[in-house]
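Source file: input-v3.cif; contents: mmCIF, C-alpha atoms.
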```
data_coords
loop_
_atom_site.label_atom_id
_atom_site.label_comp_id
_atom_site.auth_asym_id
_atom_site.auth_seq_id
_atom_site.Cartn_x
_atom_site.Cartn_y
_atom_site.Cartn_z
CA MET Z 1 7.31 -22.22 -17.13
CA SER Z 2 4.66 -24.42 -18.65
CA ASP Z 3 4.47 -28.04 -17.65
CA THR Z 4 5.71 -30.28 -20.43
CA PRO Z 5 4.52 -33.87 -20.56
CA ALA Z 6 6.92 -36.65 -19.84
CA LYS Z 7 7.58 -39.33 -22.43
CA ALA Z 8 5.34 -42.37 -22.06
CA GLY Z 9 7.05 -45.56 -20.99
CA PRO Z 10 7.82 -47.68 -17.97
CA PRO Z 11 7.77 -45.44 -14.87
CA ASP Z 12 11.41 -45.98 -13.89
CA LEU Z 13 12.69 -45.45 -17.46
CA GLN Z 14 10.57 -42.40 -18.20
CA GLU Z 15 12.33 -39.14 -19.04
CA PRO Z 16 11.27 -36.41 -16.63
CA SER Z 17 9.30 -33.47 -17.96
CA LEU Z 18 11.31 -30.30 -18.50
CA ASP Z 19 9.75 -28.81 -15.39
CA GLU Z 20 10.77 -31.86 -13.32
CA GLN Z 21 14.29 -31.75 -14.75
CA ILE Z 22 14.67 -28.03 -14.05
CA ALA Z 23 13.30 -28.43 -10.50
CA ALA Z 24 15.88 -31.17 -9.86
CA TYR Z 25 18.66 -28.96 -11.25
CA GLN Z 26 17.54 -26.04 -9.07
CA ARG Z 27 17.50 -28.30 -6.02
CA GLU Z 28 21.15 -29.21 -6.65
CA PHE Z 29 22.39 -25.94 -8.22
CA HIS Z 30 20.77 -22.88 -6.64
CA ASP Z 31 22.23 -20.34 -9.11
CA LEU Z 32 20.39 -21.88 -12.06
CA ASP Z 33 18.27 -19.53 -14.16
CA PRO Z 34 15.16 -21.64 -14.87
CA GLN Z 35 14.23 -19.61 -17.94
CA VAL Z 36 17.63 -20.18 -19.55
CA GLU Z 37 17.58 -23.87 -18.60
CA GLN Z 38 14.08 -24.29 -20.06
CA ILE Z 39 15.22 -22.88 -23.41
CA VAL Z 40 18.48 -24.83 -23.57
CA SER Z 41 16.91 -28.10 -22.41
CA ALA Z 42 14.00 -27.74 -24.84
CA LEU Z 43 16.44 -27.10 -27.72
CA GLY Z 44 18.48 -30.15 -26.73
CA ARG Z 45 15.44 -32.41 -26.53
CA LEU Z 46 14.03 -31.05 -29.78
CA ASN Z 47 17.35 -31.68 -31.56
CA ARG Z 48 17.57 -35.23 -30.21
CA ARG Z 49 13.99 -36.08 -31.16
CA MET Z 50 14.31 -34.52 -34.62
CA ASN Z 51 17.47 -36.55 -35.28
CA VAL Z 52 15.60 -39.73 -34.31
CA ALA Z 53 12.69 -38.77 -36.58
CA TYR Z 54 15.01 -38.00 -39.50
CA GLY Z 55 16.80 -41.29 -38.89
CA ARG Z 56 13.53 -43.20 -39.08
CA HIS Z 57 12.52 -41.40 -42.27
CA VAL Z 58 15.79 -42.02 -44.10
CA ALA Z 59 15.94 -45.61 -42.83
CA ASP Z 60 12.73 -46.19 -44.78
CA LEU Z 61 14.76 -45.23 -47.86
CA GLY Z 62 17.57 -47.64 -46.98
CA ILE Z 63 20.11 -45.01 -45.87
CA SER Z 64 21.37 -43.79 -42.51
CA ASN Z 65 21.52 -40.27 -41.08
CA ALA Z 66 25.29 -40.42 -41.58
CA GLU Z 67 24.85 -41.25 -45.26
CA TRP Z 68 22.24 -38.52 -45.66
CA GLU Z 69 24.79 -36.03 -44.25
CA VAL Z 70 27.26 -36.98 -46.98
CA LEU Z 71 24.61 -36.79 -49.71
CA LYS Z 72 23.54 -33.32 -48.46
CA THR Z 73 27.14 -32.14 -48.37
CA LEU Z 74 27.76 -33.24 -51.95
CA VAL Z 75 24.55 -31.56 -53.14
CA VAL Z 76 25.42 -28.31 -51.34
CA ALA Z 77 28.82 -28.38 -53.07
CA GLY Z 78 26.91 -27.98 -56.34
CA ALA Z 79 27.11 -29.70 -59.69
CA PRO Z 80 28.88 -31.93 -60.50
CA TYR Z 81 28.37 -32.92 -56.81
CA ARG Z 82 31.91 -33.97 -56.03
CA LEU Z 83 34.48 -33.33 -53.32
CA GLY Z 84 37.66 -34.87 -52.03
CA PRO Z 85 37.38 -37.09 -48.94
CA GLY Z 86 39.38 -34.58 -46.88
CA GLU Z 87 37.01 -31.74 -47.77
CA LEU Z 88 34.00 -33.95 -47.00
CA ALA Z 89 35.50 -34.88 -43.63
CA LYS Z 90 36.19 -31.24 -42.82
CA ARG Z 91 32.67 -30.10 -43.78
CA LEU Z 92 31.10 -32.89 -41.71
CA GLY Z 93 33.44 -32.53 -38.74
CA LEU Z 94 34.75 -36.08 -39.08
CA THR Z 95 38.17 -37.61 -38.87
CA PRO Z 96 39.66 -38.88 -42.15
CA ALA Z 97 39.31 -42.47 -40.90
CA ALA Z 98 35.61 -42.04 -40.17
CA MET Z 99 35.09 -40.40 -43.55
CA THR Z 100 36.90 -43.25 -45.34
CA HIS Z 101 34.69 -45.78 -43.55
CA ARG Z 102 31.55 -43.86 -44.54
CA ILE Z 103 32.65 -43.47 -48.18
CA ASP Z 104 33.52 -47.19 -48.41
CA ARG Z 105 30.04 -48.11 -47.20
CA MET Z 106 28.29 -45.62 -49.49
CA ALA Z 107 30.32 -46.63 -52.55
CA GLY Z 108 29.34 -50.24 -51.87
CA GLU Z 109 25.70 -49.17 -51.81
CA GLY Z 110 26.01 -47.27 -55.09
CA LEU Z 111 25.32 -43.85 -53.52
CA VAL Z 112 28.71 -42.36 -54.43
CA THR Z 113 31.69 -43.20 -56.58
CA ARG Z 114 35.29 -42.80 -55.59
CA ASP Z 115 37.77 -42.24 -58.40
CA ARG Z 116 41.22 -40.76 -58.95
CA ASP Z 117 41.26 -37.14 -60.08
CA GLU Z 118 42.38 -37.13 -63.73
CA THR Z 119 44.30 -33.86 -63.21
CA ASN Z 120 46.04 -35.06 -60.03
CA ARG Z 121 46.31 -38.86 -59.80
CA VAL Z 122 47.18 -38.66 -56.09
CA ARG Z 123 43.85 -37.00 -55.27
CA VAL Z 124 40.63 -39.00 -54.85
CA ILE Z 125 37.24 -37.56 -55.79
CA VAL Z 126 33.94 -38.64 -54.25
CA GLU Z 127 30.98 -38.02 -56.53
CA LEU Z 128 27.24 -38.37 -56.03
CA THR Z 129 25.67 -41.06 -58.21
CA ASP Z 130 22.21 -40.92 -59.78
CA GLU Z 131 21.08 -43.38 -57.09
CA GLY Z 132 22.55 -41.13 -54.38
CA ARG Z 133 20.78 -38.09 -55.81
CA THR Z 134 17.49 -40.03 -55.99
CA LYS Z 135 17.86 -41.03 -52.31
CA TRP Z 136 18.72 -37.44 -51.36
CA LEU Z 137 15.64 -36.09 -53.16
CA ALA Z 138 13.37 -38.66 -51.51
CA ALA Z 139 14.87 -37.86 -48.09
CA MET Z 140 14.38 -34.14 -48.70
CA ARG Z 141 10.72 -34.71 -49.58
CA MET Z 142 10.23 -36.66 -46.35
CA ALA Z 143 12.13 -34.07 -44.31
CA SER Z 144 10.13 -31.23 -45.83
CA ASP Z 145 6.83 -32.92 -44.96
CA PHE Z 146 8.06 -33.62 -41.40
CA GLU Z 147 9.28 -30.05 -40.92
CA GLU Z 148 6.02 -28.55 -42.22
CA GLU Z 149 4.10 -30.73 -39.77
CA LEU Z 150 6.47 -29.76 -36.96
CA LEU Z 151 5.93 -26.03 -37.57
CA GLN Z 152 2.22 -26.18 -38.46
CA ASP Z 153 1.11 -24.40 -35.27
CA LEU Z 154 3.33 -21.36 -35.93
CA THR Z 155 2.25 -18.45 -38.10
CA GLY Z 156 4.55 -17.18 -40.82
CA ASP Z 157 5.55 -14.28 -38.56
CA GLU Z 158 6.28 -16.64 -35.65
CA ARG Z 159 8.39 -18.85 -37.92
CA GLY Z 160 10.35 -15.78 -39.03
CA VAL Z 161 10.95 -14.62 -35.44
CA LEU Z 162 11.90 -18.12 -34.29
CA GLY Z 163 14.30 -18.51 -37.21
CA GLU Z 164 15.97 -15.17 -36.47
CA LEU Z 165 16.31 -15.98 -32.76
CA LEU Z 166 17.80 -19.40 -33.41
CA ILE Z 167 20.28 -17.94 -35.90
CA ARG Z 168 21.36 -15.39 -33.27
CA LEU Z 169 21.96 -18.21 -30.79
CA LEU Z 170 23.83 -20.22 -33.41
CA ARG Z 171 26.07 -17.25 -34.26
CA ARG Z 172 26.85 -16.74 -30.56
CA VAL Z 173 27.97 -20.37 -30.24
CA GLU Z 174 29.92 -20.25 -33.51
CA ASP Z 175 31.71 -17.07 -32.44
CA ALA Z 176 32.56 -18.48 -29.01
CA GLN Z 177 33.39 -22.00 -30.23
CA PRO Z 178 34.52 -21.75 -33.88
CA ASP Z 179 35.65 -25.38 -33.88
CA ALA Z 180 32.36 -26.72 -32.46
CA GLY Z 181 31.09 -27.88 -35.86
CA GLY Z 182 33.15 -31.05 -35.57
CA ARG Z 183 32.68 -34.00 -33.31
CA LEU Z 184 34.76 -34.94 -30.31
CA THR Z 185 34.63 -38.59 -31.30
CA ASP Z 186 33.64 -40.53 -34.39
CA LEU Z 187 30.04 -41.67 -34.45
CA ASP Z 188 30.47 -44.32 -37.16
#
```
Any chance you could put this one into structure tokens?
Amino acid sequence: MSDTPAKAGPPDLQEPSLDEQIAAYQREFHDLDPQVEQIVSALGRLNRRMNVAYGRHVADLGISNAEWEVLKTLVVAGAPYRLGPGELAKRLGLTPAAMTHRIDRMAGEGLVTRDRDETNRVRVIVELTDEGRTKWLAAMRMASDFEEELLQDLTGDERGVLGELLIRLLRRVEDAQPDAGGRLTDLD
């Protein structure tokens, strides 16, 4: 294991380095595989820190991570960038109530519209606005720059290997926990 630096901050509020965390775990749980724990803990910390970084980037654009998720989901759906609230909730792993709250907020900000489906007046359609697409594009530019900087020390081959390994881990989790894409509780 290589020693990883601890986060700077007041001594009693400082997050331990990965090595310190793993040593504490091993002290309390003797069957721990330190190599596995190093990988899993590093992935967890990386995910947490990347989410914070993305949140800061999109906040500069006047949107939240939660709103960016909706914008991305509508773009991935393809032109004309529209889905029903139930489908959005399912794709984002949210409850219908949380999705309604998010759509209300985003419609108020002009990022999406919410209209009745002309072919089925009971159904509501959420559609990306020009403003929403502009915010999504700006967020993607910022994310792309951040991600290039994050991976700058890896060669193309290393990036390919890392990507393949992470996809294998992701598939293992998805196979074992097919419902793990959702959230246990609403975050909004």
How big is the axis-aligned box around all listed atoms of region 123-135 of chain Z once 5 Å goes on each side, and where's its centre, in Å to one decimal, as JSON?
```
{"center_x": 30.7, "center_y": -40.2, "center_z": -56.0, "size_x": 36.4, "size_y": 16.4, "size_z": 17.5}
```
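The spacing separating CA of Val58 (chain Z) from CA of Leu154 (chain Z) amounts to 25.5 Å.
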Requested in this report: Would you list the contacts of Glu127 (chain Z) as a ChimeraX atom specification, taking every protein, DNA or RNA residue within 10 Å and counting all atoms listed in the file, but skipping same-chain residues closer than 3 positions in sequence?
Outcome: /Z:71,74-75,79-85,107,111-115,124,130,132
Name the residues in contact with Phe146 (chain Z) at a cut-off of 10 Å, using all atoms listed in the file, excluding same-chain residues fewer than 4 positions from it; report them as a CSV table (one decimal) with C-alpha atoms, in the frame of the given file.
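part-v9.csv was written with the following content:
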```csv
chain,number,residue,atom,x,y,z
Z,50,MET,CA,14.3,-34.5,-34.6
Z,53,ALA,CA,12.7,-38.8,-36.6
Z,54,TYR,CA,15.0,-38.0,-39.5
Z,57,HIS,CA,12.5,-41.4,-42.3
Z,140,MET,CA,14.4,-34.1,-48.7
Z,141,ARG,CA,10.7,-34.7,-49.6
Z,142,MET,CA,10.2,-36.7,-46.4
Z,150,LEU,CA,6.5,-29.8,-37.0
Z,151,LEU,CA,5.9,-26.0,-37.6
Z,152,GLN,CA,2.2,-26.2,-38.5
```
Please list, as a PDB file with C-alpha atoms, in the frame of the given file, the residues that have an atom at most 12 Å away from (17.6, -30.5, -23.4) in the coordinates of this file, counting only C-alpha atoms.
```pdb
ATOM      1  CA  GLU Z  15      12.330 -39.140 -19.040  1.00  0.00           C
ATOM      2  CA  PRO Z  16      11.270 -36.410 -16.630  1.00  0.00           C
ATOM      3  CA  SER Z  17       9.300 -33.470 -17.960  1.00  0.00           C
ATOM      4  CA  LEU Z  18      11.310 -30.300 -18.500  1.00  0.00           C
ATOM      5  CA  ASP Z  19       9.750 -28.810 -15.390  1.00  0.00           C
ATOM      6  CA  GLN Z  21      14.290 -31.750 -14.750  1.00  0.00           C
ATOM      7  CA  ILE Z  22      14.670 -28.030 -14.050  1.00  0.00           C
ATOM      8  CA  VAL Z  36      17.630 -20.180 -19.550  1.00  0.00           C
ATOM      9  CA  GLU Z  37      17.580 -23.870 -18.600  1.00  0.00           C
ATOM     10  CA  GLN Z  38      14.080 -24.290 -20.060  1.00  0.00           C
ATOM     11  CA  ILE Z  39      15.220 -22.880 -23.410  1.00  0.00           C
ATOM     12  CA  VAL Z  40      18.480 -24.830 -23.570  1.00  0.00           C
ATOM     13  CA  SER Z  41      16.910 -28.100 -22.410  1.00  0.00           C
ATOM     14  CA  ALA Z  42      14.000 -27.740 -24.840  1.00  0.00           C
ATOM     15  CA  LEU Z  43      16.440 -27.100 -27.720  1.00  0.00           C
ATOM     16  CA  GLY Z  44      18.480 -30.150 -26.730  1.00  0.00           C
ATOM     17  CA  ARG Z  45      15.440 -32.410 -26.530  1.00  0.00           C
ATOM     18  CA  LEU Z  46      14.030 -31.050 -29.780  1.00  0.00           C
ATOM     19  CA  ASN Z  47      17.350 -31.680 -31.560  1.00  0.00           C
ATOM     20  CA  ARG Z  48      17.570 -35.230 -30.210  1.00  0.00           C
ATOM     21  CA  ARG Z  49      13.990 -36.080 -31.160  1.00  0.00           C
TER      22      ARG Z  49
END
```
Report task. Calculate how many Å separate CA of Arg172 (chain Z) from CA of Leu94 (chain Z), rounding to one decimal. Result ->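 Straight-line distance from CA of Arg172 (chain Z) to CA of Leu94 (chain Z) works out to 22.6 Å.
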Query raised in the report: Which distance in Å separates CA of Leu92 (chain Z) and CA of Arg121 (chain Z), to one decimal?
Result: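 For CA of Leu92 (chain Z) relative to CA of Arg121 (chain Z), the distance reads 24.4 Å.
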